[in-house]
Amino acid sequence: MKKEKLNIKAALTLATTALLGCHNLAQAEPTEKDSWEFDAAFLFYSEVDRVSAGEAIFNAKKTFEDEDVLNLKLTIDALTGASANGAVAQPTVQTFTRPSGNGQYQVEPGETPLDDTFHDTRVQLNGQWTQPVSSNLTASSGVHISKEYDYLSLGLNGNLAVDFDRKNSTFLLGFSYFQDTFTPEGGIPNPLISMLIGDRNAPTWDDDFAKTRLGSEDDKTTADILLGFTQVINRRMLMQFNYSYSTVDGYLNDPFKIVSIVDINGVTQDNIYESRPDSRVKQSLYAQSMYHFDNVVLDVSYRYMWDDWEIESHTIDSRFRIPMGDSLGKESYLQPHFRFYQQSAADFYRPFLLEENALPTFVSADYRIGEMAAFTVGLKYGMLVNDGNELAFRLEYYHQTPTDAGFEEPGVLNDVELYPTIDAVIVQVTYSF
């Protein structure tokens with residue numbers, strides 16, 4: 001269930017940002033030449049009554065005598081639980097067919113329809129090589145491979161960084177390209193076609209289910225361009241500005257999401273597979289500032305994203321690192337964290353469709369592209385152990401609130417929850433050595 005996983009990864013991003021970056025820029029020390037540095041981390045993410053995810057990361061970095069740098073990263077994810085299938089809640093029991101077509105499941109009255117078969121395991125490898133081209137020019141290139149049982153992602157990236165003003169200023173130009181292949185369980189659903197419901201043991205079931213499929217696989221490509229500028233303001237302050245442009249082409253539907261069609265009384269008459277455009281252009285502006293007070297470090301960033309699906313989002317992220325002196329005989333610190341996220345809905349987002357209206361070309365009831373707000377609060381505690389190695393623990397709480405989309409809710413839909421909130425707990429342990 002790759003697309004649902006993208007949602008989890010989006011949530012994990014807020015938890016794993018700087019997951020292995022235990023040494024803040026404002027506090028970084030020169031790396032010893034011709035040496036290896038290692039980071040190991042484990043993260044657990046759990047939504048209440050929904051998806052849980054465990055993620056292990058191992059990062060190895062070697063700096064050579066000539067200042068070339070090799071970075072290798074291994075990520076292993078395991079996800080399980082229940083995910084929303086997009087259908088609306090009803091006052092009666094609902095029956096849905098599993099994505100494979102090999103079974104069905106039922107949802108109790110008034111409950112948000114969740115598919116409890118969601119599970120996945122991902123193994124991802126990344127390699128990055130960075131080397132100085134001249135005294136003021138640094139080049140970097142990397143490769144990416146990620147494999148799941150129903151998804152394969154291959155990628156390349158490269159960037160050039162130019163220093164000037166006595167290395168107080170840096171311009172960055174970056175590019176990446178990804179080729180992704182989807183092979184979802186049960187095949188690729190035909191957009192806007194009804195989910196097959198009935199007797200799984202009927203002799204025509206397999207043939208009827210096959211008619212709801214377009215094939216066994218599909219793919220998409222993603223190309224990103226990044227322009228960045230970093231400026232040292234003074235000995236205490238560092239600022240960074242980025243602009244990114246991304247184009248995505250190919251299969252952008254979620255093969256596991258459906259949309260309910262209801263009558264004037266709000267009663268579901270059919271469930272159809274969603275349909276999204278086969279291209280998307282995203283742009284974003286990003287600004288970050290780090291300020292080193294006498295003892296503490298404040299890190300604040302803001303990101304504005306917009307796309308041609310009419311989604312706009314705002315993200316404010318802040319961390320405040322506070323030294324705590326010696327703990328257990330070692331230096332330690334506390335780092336409070338607060339993040340706020342808000343987005344508007346895609347122009348084709350609909351929580352449901354009315355039977356009396358014609359089917360639109362594009363429609364999705366996926367709350368991830370609906371209007372929402374979310375915040376994260378957390379605290380990280382880190383300390384130096386074993387001759388300068390760092391051990392850190394982080395605990396965070398995530399709360400997501402979908403916003404009423406403004407559609408009139410007929411009949412029984414007034415009595416069910418169309419926009420349920422999501423709560424999650426994030427626990428992380430990191431060790432750098």
# chains A, B, ... in the order shown; residues from 1 in each chain; ligands from 1
>>> select_by_dssp(residues="range 177-325 of chain A", states="alpha helix (DSSP H)", output="count of residues only")
6
>>> residues_around(residues="Ala87 in chain A", least_positions_apart="5", cutoff="10 Å", atoms="only C-alpha atoms", output="list in words")
Gln94, Phe96, Thr112, Pro113, Leu114, Lys257, Ile258, Val259, Ser260, Ile261, Thr268, Asp270, Asn271, Ile272, Pro351, Phe352, Ala365, Asp366 and Leu418 of chain A
